[in-house]
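Listing of final_9.pdb, PDB, C-alpha atoms, pLDDT in the B column
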```pdb
ATOM      1  CA  MET A   1     -14.537 -21.893  68.400  1.00 46.00           C
ATOM      2  CA  SER A   2     -15.667 -23.843  65.415  1.00 48.00           C
ATOM      3  CA  SER A   3     -18.890 -24.703  67.259  1.00 50.00           C
ATOM      4  CA  THR A   4     -20.046 -21.128  66.498  1.00 52.00           C
ATOM      5  CA  LEU A   5     -20.672 -22.144  62.905  1.00 54.00           C
ATOM      6  CA  ARG A   6     -22.911 -25.017  63.958  1.00 82.00           C
ATOM      7  CA  VAL A   7     -25.014 -23.113  66.490  1.00 92.00           C
ATOM      8  CA  VAL A   8     -25.099 -19.420  65.652  1.00 91.00           C
ATOM      9  CA  HIS A   9     -25.882 -17.714  62.389  1.00 91.00           C
ATOM     10  CA  SER A  10     -25.916 -14.027  61.535  1.00 93.00           C
ATOM     11  CA  ASP A  11     -27.303 -12.818  58.225  1.00 93.00           C
ATOM     12  CA  PRO A  12     -28.337  -9.236  57.407  1.00 94.00           C
ATOM     13  CA  ASP A  13     -31.463 -10.641  55.737  1.00 92.00           C
ATOM     14  CA  ILE A  14     -32.557 -12.458  58.919  1.00 91.00           C
ATOM     15  CA  LEU A  15     -33.621 -10.124  61.734  1.00 93.00           C
ATOM     16  CA  GLY A  16     -31.166  -7.513  60.529  1.00 94.00           C
ATOM     17  CA  GLY A  17     -28.144  -9.657  61.305  1.00 94.00           C
ATOM     18  CA  THR A  18     -29.100 -10.521  64.884  1.00 95.00           C
ATOM     19  CA  PRO A  19     -27.341 -13.783  65.851  1.00 95.00           C
ATOM     20  CA  VAL A  20     -29.908 -16.582  65.710  1.00 96.00           C
ATOM     21  CA  PHE A  21     -29.911 -20.339  66.160  1.00 96.00           C
ATOM     22  CA  ILE A  22     -29.078 -21.947  62.823  1.00 94.00           C
ATOM     23  CA  GLY A  23     -32.182 -22.948  60.904  1.00 93.00           C
ATOM     24  CA  THR A  24     -34.431 -20.659  62.958  1.00 95.00           C
ATOM     25  CA  ARG A  25     -35.313 -17.025  63.427  1.00 95.00           C
ATOM     26  CA  VAL A  26     -34.887 -17.329  67.207  1.00 97.00           C
ATOM     27  CA  PRO A  27     -32.241 -14.949  68.547  1.00 97.00           C
ATOM     28  CA  ILE A  28     -29.595 -16.396  70.850  1.00 96.00           C
ATOM     29  CA  GLN A  29     -30.331 -13.430  73.124  1.00 96.00           C
ATOM     30  CA  THR A  30     -33.817 -14.831  73.732  1.00 98.00           C
ATOM     31  CA  LEU A  31     -32.363 -17.925  75.418  1.00 98.00           C
ATOM     32  CA  LEU A  32     -30.195 -15.746  77.646  1.00 97.00           C
ATOM     33  CA  ASP A  33     -33.157 -13.493  78.463  1.00 97.00           C
ATOM     34  CA  TYR A  34     -35.248 -16.502  79.510  1.00 98.00           C
ATOM     35  CA  LEU A  35     -32.517 -17.819  81.768  1.00 97.00           C
ATOM     36  CA  GLU A  36     -31.854 -14.377  83.235  1.00 97.00           C
ATOM     37  CA  ALA A  37     -35.550 -14.095  84.092  1.00 98.00           C
ATOM     38  CA  GLY A  38     -35.373 -17.382  85.989  1.00 98.00           C
ATOM     39  CA  ASP A  39     -37.142 -19.484  83.383  1.00 98.00           C
ATOM     40  CA  SER A  40     -35.917 -23.008  82.790  1.00 97.00           C
ATOM     41  CA  LEU A  41     -34.315 -24.334  79.647  1.00 97.00           C
ATOM     42  CA  ASN A  42     -37.371 -26.557  79.222  1.00 97.00           C
ATOM     43  CA  GLU A  43     -39.666 -23.537  79.275  1.00 98.00           C
ATOM     44  CA  PHE A  44     -37.578 -21.819  76.590  1.00 98.00           C
ATOM     45  CA  LEU A  45     -37.648 -24.981  74.459  1.00 98.00           C
ATOM     46  CA  ASP A  46     -41.420 -25.298  74.919  1.00 98.00           C
ATOM     47  CA  HIS A  47     -41.900 -21.737  73.678  1.00 98.00           C
ATOM     48  CA  PHE A  48     -39.438 -22.097  70.783  1.00 98.00           C
ATOM     49  CA  PRO A  49     -39.819 -25.637  69.406  1.00 97.00           C
ATOM     50  CA  SER A  50     -37.711 -24.822  66.337  1.00 96.00           C
ATOM     51  CA  VAL A  51     -34.658 -24.752  68.643  1.00 97.00           C
ATOM     52  CA  SER A  52     -33.406 -28.180  69.649  1.00 95.00           C
ATOM     53  CA  ARG A  53     -32.128 -28.991  73.130  1.00 95.00           C
ATOM     54  CA  ALA A  54     -28.740 -29.775  71.575  1.00 94.00           C
ATOM     55  CA  GLN A  55     -28.625 -26.320  69.952  1.00 95.00           C
ATOM     56  CA  ALA A  56     -29.507 -24.554  73.201  1.00 96.00           C
ATOM     57  CA  ILE A  57     -26.918 -26.488  75.190  1.00 95.00           C
ATOM     58  CA  ALA A  58     -24.293 -25.891  72.513  1.00 94.00           C
ATOM     59  CA  ALA A  59     -25.002 -22.146  72.644  1.00 95.00           C
ATOM     60  CA  LEU A  60     -24.615 -22.153  76.422  1.00 95.00           C
ATOM     61  CA  GLU A  61     -21.388 -24.145  76.140  1.00 93.00           C
ATOM     62  CA  LEU A  62     -20.101 -21.637  73.596  1.00 91.00           C
ATOM     63  CA  ALA A  63     -20.970 -18.755  75.923  1.00 91.00           C
ATOM     64  CA  LYS A  64     -19.171 -20.545  78.756  1.00 92.00           C
ATOM     65  CA  GLU A  65     -16.059 -21.097  76.611  1.00 91.00           C
ATOM     66  CA  MET A  66     -16.039 -17.440  75.589  1.00 90.00           C
ATOM     67  CA  LEU A  67     -16.411 -16.205  79.177  1.00 91.00           C
ATOM     68  CA  ILE A  68     -13.642 -18.478  80.412  1.00 92.00           C
ATOM     69  CA  ALA A  69     -11.370 -17.360  77.574  1.00 89.00           C
ATOM     70  CA  TYR A  70     -12.161 -13.718  78.338  1.00 86.00           C
ATOM     71  CA  ALA A  71     -11.431 -14.173  82.046  1.00 87.00           C
ATOM     72  CA  ASN A  72      -8.212 -16.101  81.378  1.00 84.00           C
ATOM     73  CA  PRO A  73      -6.526 -14.536  78.329  1.00 79.00           C
ATOM     74  CA  THR A  74      -3.410 -16.334  77.152  1.00 71.00           C
TER      75      THR A  74
END
```
Translate the structure of the given file into structure tokens.
Amino acid sequence: MSSTLRVVHSDPDILGGTPVFIGTRVPIQTLLDYLEAGDSLNEFLDHFPSVSRAQAIAALELAKEMLIAYANPT
């Protein structure tokens, strides 16, 4: 899961260590909250222009990889 280092950052000095998109102060949780509420990825990106489409997709891919790994432990 080396992609974690390129997408997600957690630092106690940034939002108390909440995982954020690298180079931003936008929590990863915010993307998930938008999607859970039925908002589109485009709407999230419009509201948080500091997050790139590539970052958002990479975070979703990472979440997918983690869920698949959790459901299918080896």
Next item on the list: Report as JSON, numbers by chain the full result of the PyMOL selection byres ((chain A and resi 19) around 12) when it is applied to this structure.
Entry: {"A": [4, 5, 7, 8, 9, 10, 11, 12, 13, 14, 15, 16, 17, 18, 20, 21, 22, 23, 24, 25, 26, 27, 28, 29, 30, 31, 59]}
Check: What does the distance between CA of Leu35 (chain A) and CA of Thr74 (chain A) come to in Å, to one decimal place?
Finding: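 CA of Leu35 (chain A) sits 29.5 Å away from CA of Thr74 (chain A).
Atom to atom, CA of Glu43 (chain A) and CA of Ile57 (chain A) stand 13.7 Å apart.
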Go ahead and fit an axis-aligned box to every listed atom of region 29-32 of chain A plus 4 Å each side, and pass me the centre and edge lengths in Å, one decimal, as JSON.
```
{"center_x": -32.0, "center_y": -15.7, "center_z": 75.4, "size_x": 11.6, "size_y": 12.5, "size_z": 12.5}
```
Notebook entry, point to check: Any idea what the distance is between CA of Met66 (chain A) and CA of Leu32 (chain A)?
Noted result: 14.4 Å
Check: Do you know which residues the PyMOL selection byres ((chain A and resi 41) around 12) returns on this file, as an MDAnalysis selection string?
Finding: chainID A and resid 30:40 42:49 51:57 59:60
Generate a file for region 25-39 of chain A, containing N, CA and C atoms, as a compact mmCIF listing (two decimals), in the first residue's frame.
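Once everything was written out, this is part-v5.txt:
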```txt
# COMPACT_ATOMS: atom_id res chain seq x y z
N ARG A 25 -5.43 20.69 3.58
CA ARG A 25 -5.96 20.50 4.92
C ARG A 25 -7.36 19.88 4.81
N VAL A 26 -7.61 19.20 3.72
CA VAL A 26 -8.91 18.57 3.46
C VAL A 26 -8.87 17.13 3.95
N PRO A 27 -9.68 16.80 4.96
CA PRO A 27 -9.70 15.43 5.45
C PRO A 27 -10.21 14.44 4.40
N ILE A 28 -9.63 13.26 4.38
CA ILE A 28 -10.10 12.19 3.51
C ILE A 28 -11.56 11.89 3.83
N GLN A 29 -11.91 11.95 5.11
CA GLN A 29 -13.28 11.67 5.55
C GLN A 29 -14.29 12.56 4.83
N THR A 30 -13.89 13.78 4.48
CA THR A 30 -14.81 14.70 3.82
C THR A 30 -15.25 14.14 2.47
N LEU A 31 -14.32 13.55 1.72
CA LEU A 31 -14.68 12.93 0.44
C LEU A 31 -15.70 11.82 0.68
N LEU A 32 -15.44 10.97 1.66
CA LEU A 32 -16.35 9.86 1.93
C LEU A 32 -17.72 10.38 2.39
N ASP A 33 -17.73 11.44 3.18
CA ASP A 33 -18.99 12.03 3.62
C ASP A 33 -19.80 12.57 2.44
N TYR A 34 -19.13 13.22 1.50
CA TYR A 34 -19.82 13.73 0.31
C TYR A 34 -20.45 12.59 -0.47
N LEU A 35 -19.68 11.55 -0.70
CA LEU A 35 -20.19 10.43 -1.48
C LEU A 35 -21.33 9.72 -0.75
N GLU A 36 -21.19 9.57 0.55
CA GLU A 36 -22.24 8.94 1.35
C GLU A 36 -23.55 9.73 1.27
N ALA A 37 -23.43 11.04 1.19
CA ALA A 37 -24.60 11.91 1.12
C ALA A 37 -25.23 11.94 -0.27
N GLY A 38 -24.58 11.28 -1.23
CA GLY A 38 -25.12 11.23 -2.58
C GLY A 38 -24.57 12.31 -3.50
N ASP A 39 -23.60 13.06 -3.01
CA ASP A 39 -22.98 14.09 -3.85
C ASP A 39 -22.00 13.42 -4.81
```
